[in-house]
Amino acid sequence: MYIDEIFQKTTLNEEKLLKYGFTYKNHNYYYSKKIVDDDFRVDIVINQKKICAKVYDLAFNEEYTNFKIEKETGTFVSRVRNAYKNLLEDIKDKCFDENIFMTNQANRIAKCIKEKYASNPEFLWKKYPCDAIFRNNKKWFGLIMYIGRKKIENKKGNIDILNVKLDEEKIKKLLCQKGFYQAYHMNKEKWITITLDETLSDKEIMEYVSESYKFTLKNE
């Protein structure tokens, strides 16, 4: 509860975790802290894939879950819930690095684009705060979007995608390959969608970004 919301668009910094007081064992980082007058304990386990946190009632030595029930609004439950959330927020602020986009590959690609083309992501839509365009002057050559996977394939979960502009014949060939889909929300004859989920290497993706960028140079 609250974990996905609090830690979205962040990357753990292992050095900071250790300085904060986490211990490392068997590829996991462990941390415990008592809250609410030391009557409860929060146990946290973090690795590169997920973050788990549980609250224990020390009087009964068992997991306490009432604070997860939104309709429970009593003073006592609220104290536990707030202490739990405050601890997670503190760990996020002191042990995690903020990201621009949701996934690691999207952040790496954005960094490569900035370094190569001096183009920063532009977040144009309040309704879609995770979506951004890249352009040379007024011409778009890239668009990163955070969408539900079901919008492009029959899978659950969410994903960052990159839309780039390519030659129409090349698009037809790439659509037969893994990691490529018909352009989401753009002209499907001139643009193509690439998943930013490590299916393709950063180097290969940047080659397509370069081709897309070249379209912005035409007629200049």
# chains A, B, ... in the order shown; residues from 1 in each chain; ligands from 1

call {"tool": "residues_around", "arguments": {"residues": "segment 103-115 of chain A", "least_positions_apart": "4", "cutoff": "6 Å", "atoms": "only C-alpha atoms", "output": "MDAnalysis selection string"}}
result
chainID A and resid 119:120 196

call {"tool": "residues_around", "arguments": {"residues": "Phe180 of chain A", "least_positions_apart": "5", "cutoff": "10 Å", "atoms": "only C-alpha atoms", "output": "ChimeraX atom specification"}}
result
/A:152,161-163,171,173-175,192-195,199-200

call {"tool": "atom_distance", "arguments": {"atom1": "atom CA of Leu87 of chain A", "atom2": "atom CA of Ile100 of chain A"}}
result
23.1 Å

call {"tool": "residues_around", "arguments": {"residues": "Asp39 of chain A", "least_positions_apart": "5", "cutoff": "9 Å", "atoms": "only C-alpha atoms", "output": "JSON, numbers by chain"}}
result
{"A": [34, 56, 57, 58, 59]}

call {"tool": "write_last_selection", "arguments": {"atoms": "N, CA and C atoms", "output": "tab-separated table (two decimals), in the first residue's frame"}}
result
chain	number	residue	atom	x	y	z
A	34	LYS	N	10.99	1.26	14.61
A	34	LYS	CA	9.80	1.31	15.45
A	34	LYS	C	9.09	2.64	15.25
A	56	TYR	N	4.28	-4.38	12.01
A	56	TYR	CA	3.99	-5.39	13.02
A	56	TYR	C	3.56	-4.72	14.33
A	57	ASP	N	2.52	-5.28	14.93
A	57	ASP	CA	2.06	-4.85	16.25
A	57	ASP	C	2.90	-5.61	17.28
A	58	LEU	N	3.76	-4.90	17.99
A	58	LEU	CA	4.71	-5.56	18.88
A	58	LEU	C	4.04	-6.13	20.13
A	59	ALA	N	2.88	-5.62	20.46
A	59	ALA	CA	2.18	-6.15	21.64
A	59	ALA	C	1.70	-7.58	21.40

call {"tool": "atom_distance", "arguments": {"atom1": "atom CA of Asp93 of chain A", "atom2": "atom CA of Asp202 of chain A"}}
result
28.1 Å

call {"tool": "residues_around", "arguments": {"residues": "Leu124 of chain A", "least_positions_apart": "4", "cutoff": "12 Å", "atoms": "only C-alpha atoms", "output": "list in words"}}
result
Tyr128, Pro129, Cys130, Asp131, Ala132, Ile133, Phe134, Leu143, Ile144 and Met145 of chain A

call {"tool": "write_last_selection", "arguments": {"atoms": "C-alpha atoms", "output": "PDB file, in the first residue's frame"}}
result
ATOM      1  CA  TYR A 128      -0.493  13.070 -19.038  1.00  0.00           C
ATOM      2  CA  PRO A 129       2.395  14.176 -16.780  1.00  0.00           C
ATOM      3  CA  CYS A 130       4.597  11.229 -17.783  1.00  0.00           C
ATOM      4  CA  ASP A 131       4.440  11.941 -21.540  1.00  0.00           C
ATOM      5  CA  ALA A 132       6.946  14.192 -23.278  1.00  0.00           C
ATOM      6  CA  ILE A 133       8.062  15.186 -26.760  1.00  0.00           C
ATOM      7  CA  PHE A 134      11.522  15.778 -28.196  1.00  0.00           C
ATOM      8  CA  LEU A 143       7.558  11.082 -28.123  1.00  0.00           C
ATOM      9  CA  ILE A 144       7.793   9.058 -24.918  1.00  0.00           C
ATOM     10  CA  MET A 145       4.485   7.948 -23.411  1.00  0.00           C
TER      11      MET A 145
END

call {"tool": "closest_residue", "arguments": {"among": "A:Lys127, A:Lys50, A:Arg81, A:Lys94", "to": "Glu15 of chain A", "atoms": "only C-alpha atoms"}}
result
A:Lys94

call {"tool": "atom_distance", "arguments": {"atom1": "atom CA of Ser210 of chain A", "atom2": "atom CA of Glu198 of chain A"}}
result
18.6 Å

call {"tool": "select_by_dssp", "arguments": {"residues": "segment 118-175 of chain A", "states": "strand (DSSP E or B)", "output": "list in words"}}
result
Glu122, Ala132, Ile133, Phe134, Arg135, Asn136, Lys139, Trp140, Phe141, Gly142, Leu143, Ile144, Met145, Tyr146, Ile147, Gly148, Asn158, Ile159, Asp160, Ile161, Leu162, Asn163, Val164 and Lys165 of chain A

call {"tool": "closest_residue", "arguments": {"among": "A:Tyr146, A:Phe40, A:Phe76, A:Phe101", "to": "Asn158 of chain A", "atoms": "only C-alpha atoms"}}
result
A:Tyr146

call {"tool": "residues_around", "arguments": {"residues": "Asn99 of chain A", "least_positions_apart": "6", "cutoff": "8 Å", "atoms": "only C-alpha atoms", "output": "number ranges by chain"}}
result
A: 9-11, 107

call {"tool": "residues_around", "arguments": {"residues": "segment 43-46 of chain A", "least_positions_apart": "2", "cutoff": "8 Å", "atoms": "only C-alpha atoms", "output": "list in words"}}
result
Asn28, Tyr29, Tyr30, Tyr31, Ser32, Lys33, Arg41, Gln48, Lys49, Lys50, Ile51, Cys52, Ala53, Lys54, Val55 and Tyr56 of chain A

call {"tool": "write_last_selection", "arguments": {"atoms": "N, CA and C atoms", "output": "CSV table (one decimal), in the first residue's frame"}}
result
chain,number,residue,atom,x,y,z
A,28,ASN,N,19.4,-8.4,-1.2
A,28,ASN,CA,18.4,-7.6,-0.6
A,28,ASN,C,18.9,-6.6,0.4
A,29,TYR,N,18.2,-5.4,0.5
A,29,TYR,CA,18.5,-4.5,1.6
A,29,TYR,C,17.4,-4.5,2.6
A,30,TYR,N,17.8,-4.5,3.9
A,30,TYR,CA,16.8,-4.7,5.0
A,30,TYR,C,16.9,-3.5,6.0
A,31,TYR,N,15.8,-3.1,6.4
A,31,TYR,CA,15.7,-2.0,7.4
A,31,TYR,C,14.5,-2.2,8.3
A,32,SER,N,14.6,-1.9,9.6
A,32,SER,CA,13.5,-1.9,10.5
A,32,SER,C,13.5,-0.7,11.4
A,33,LYS,N,12.3,-0.2,11.7
A,33,LYS,CA,12.2,1.0,12.5
A,33,LYS,C,10.9,0.9,13.3
A,41,ARG,N,6.4,-1.8,14.6
A,41,ARG,CA,7.7,-1.9,13.9
A,41,ARG,C,7.4,-2.0,12.4
A,48,GLN,N,16.5,-4.6,-6.5
A,48,GLN,CA,16.4,-3.8,-7.8
A,48,GLN,C,15.0,-4.0,-8.4
A,49,LYS,N,14.2,-5.0,-8.0
A,49,LYS,CA,12.9,-5.2,-8.6
A,49,LYS,C,11.7,-4.7,-7.9
A,50,LYS,N,11.8,-4.7,-6.5
A,50,LYS,CA,10.6,-4.4,-5.8
A,50,LYS,C,11.0,-3.9,-4.4
A,51,ILE,N,9.9,-3.3,-3.8
A,51,ILE,CA,10.0,-2.8,-2.4
A,51,ILE,C,8.9,-3.4,-1.6
A,52,CYS,N,9.2,-4.0,-0.5
A,52,CYS,CA,8.2,-4.6,0.4
A,52,CYS,C,8.3,-4.0,1.8
A,53,ALA,N,7.1,-3.7,2.3
A,53,ALA,CA,7.1,-3.1,3.7
A,53,ALA,C,5.9,-3.7,4.5
A,54,LYS,N,6.2,-4.1,5.7
A,54,LYS,CA,5.1,-4.6,6.6
A,54,LYS,C,5.2,-4.0,7.9
A,55,VAL,N,4.0,-3.8,8.5
A,55,VAL,CA,4.0,-3.2,9.9
A,55,VAL,C,3.6,-4.3,10.9
A,56,TYR,N,4.3,-4.4,12.0
A,56,TYR,CA,4.0,-5.4,13.0
A,56,TYR,C,3.6,-4.7,14.3

call {"tool": "select_by_dssp", "arguments": {"residues": "segment 35-220 of chain A", "states": "alpha helix (DSSP H)", "output": "mmCIF file with C-alpha atoms, in the first residue's frame"}}
result
data_model
loop_
_atom_site.group_PDB
_atom_site.id
_atom_site.type_symbol
_atom_site.label_atom_id
_atom_site.label_comp_id
_atom_site.auth_asym_id
_atom_site.auth_seq_id
_atom_site.Cartn_x
_atom_site.Cartn_y
_atom_site.Cartn_z
ATOM 1 C CA THR A 75 -7.191 8.432 15.323
ATOM 2 C CA PHE A 76 -5.103 5.409 16.252
ATOM 3 C CA VAL A 77 -5.188 3.823 12.791
ATOM 4 C CA SER A 78 -4.405 7.197 11.242
ATOM 5 C CA ARG A 79 -1.328 7.573 13.445
ATOM 6 C CA VAL A 80 0.021 4.232 12.258
ATOM 7 C CA ARG A 81 -0.814 5.016 8.617
ATOM 8 C CA ASN A 82 0.825 8.452 8.746
ATOM 9 C CA ALA A 83 3.950 7.168 10.496
ATOM 10 C CA TYR A 84 4.255 4.409 7.898
ATOM 11 C CA LYS A 85 3.843 6.810 4.985
ATOM 12 C CA ASN A 86 6.248 9.345 6.495
ATOM 13 C CA LEU A 87 8.918 6.677 6.859
ATOM 14 C CA LEU A 88 8.538 5.595 3.233
ATOM 15 C CA GLU A 89 8.646 9.206 2.062
ATOM 16 C CA ASP A 90 11.821 9.812 4.070
ATOM 17 C CA ILE A 91 13.480 6.744 2.546
ATOM 18 C CA LYS A 92 12.468 7.870 -0.923
ATOM 19 C CA ASP A 93 13.884 11.361 -0.385
ATOM 20 C CA LYS A 94 17.165 10.179 1.146
ATOM 21 C CA CYS A 95 17.856 6.872 -0.628
ATOM 22 C CA ASN A 104 15.060 2.990 -16.503
ATOM 23 C CA GLN A 105 15.393 2.602 -20.259
ATOM 24 C CA ALA A 106 13.185 5.627 -20.918
ATOM 25 C CA ASN A 107 15.419 7.701 -18.651
ATOM 26 C CA ARG A 108 18.576 6.442 -20.347
ATOM 27 C CA ILE A 109 17.196 7.190 -23.813
ATOM 28 C CA ALA A 110 16.153 10.695 -22.723
ATOM 29 C CA LYS A 111 19.675 11.280 -21.436
ATOM 30 C CA CYS A 112 21.204 10.081 -24.719
ATOM 31 C CA ILE A 113 18.902 12.349 -26.718
ATOM 32 C CA LYS A 114 19.843 15.339 -24.586
ATOM 33 C CA GLU A 115 23.562 14.629 -24.945
ATOM 34 C CA LYS A 116 23.436 14.042 -28.700
ATOM 35 C CA TYR A 117 20.852 16.578 -29.845
ATOM 36 C CA GLU A 168 7.356 3.896 -44.529
ATOM 37 C CA GLU A 169 8.890 0.760 -46.056
ATOM 38 C CA LYS A 170 11.167 0.331 -43.066
ATOM 39 C CA ILE A 171 8.200 0.585 -40.722
ATOM 40 C CA LYS A 172 6.488 -2.306 -42.509
ATOM 41 C CA LYS A 173 9.549 -4.520 -42.014
ATOM 42 C CA LEU A 174 10.104 -3.571 -38.380
ATOM 43 C CA ASP A 202 19.804 1.557 -26.077
ATOM 44 C CA LYS A 203 22.225 1.643 -29.006
ATOM 45 C CA GLU A 204 19.681 0.183 -31.413
ATOM 46 C CA ILE A 205 16.929 2.498 -30.210
ATOM 47 C CA MET A 206 19.181 5.531 -30.643
ATOM 48 C CA GLU A 207 19.811 4.510 -34.258
ATOM 49 C CA TYR A 208 16.076 4.858 -34.891
ATOM 50 C CA VAL A 209 16.024 8.135 -32.984
ATOM 51 C CA SER A 210 18.785 9.391 -35.290
ATOM 52 C CA GLU A 211 16.776 8.427 -38.358
ATOM 53 C CA SER A 212 13.756 10.216 -36.945
ATOM 54 C CA TYR A 213 15.838 13.295 -36.167
ATOM 55 C CA LYS A 214 16.999 13.446 -39.797
ATOM 56 C CA PHE A 215 13.411 14.050 -40.877
ATOM 57 C CA THR A 216 13.498 17.326 -38.913
ATOM 58 C CA LEU A 217 16.455 18.486 -41.031
#

call {"tool": "residues_around", "arguments": {"residues": "Lys150 of chain A", "least_positions_apart": "5", "cutoff": "12 Å", "atoms": "only C-alpha atoms", "output": "ChimeraX atom specification"}}
result
/A:155-159,184
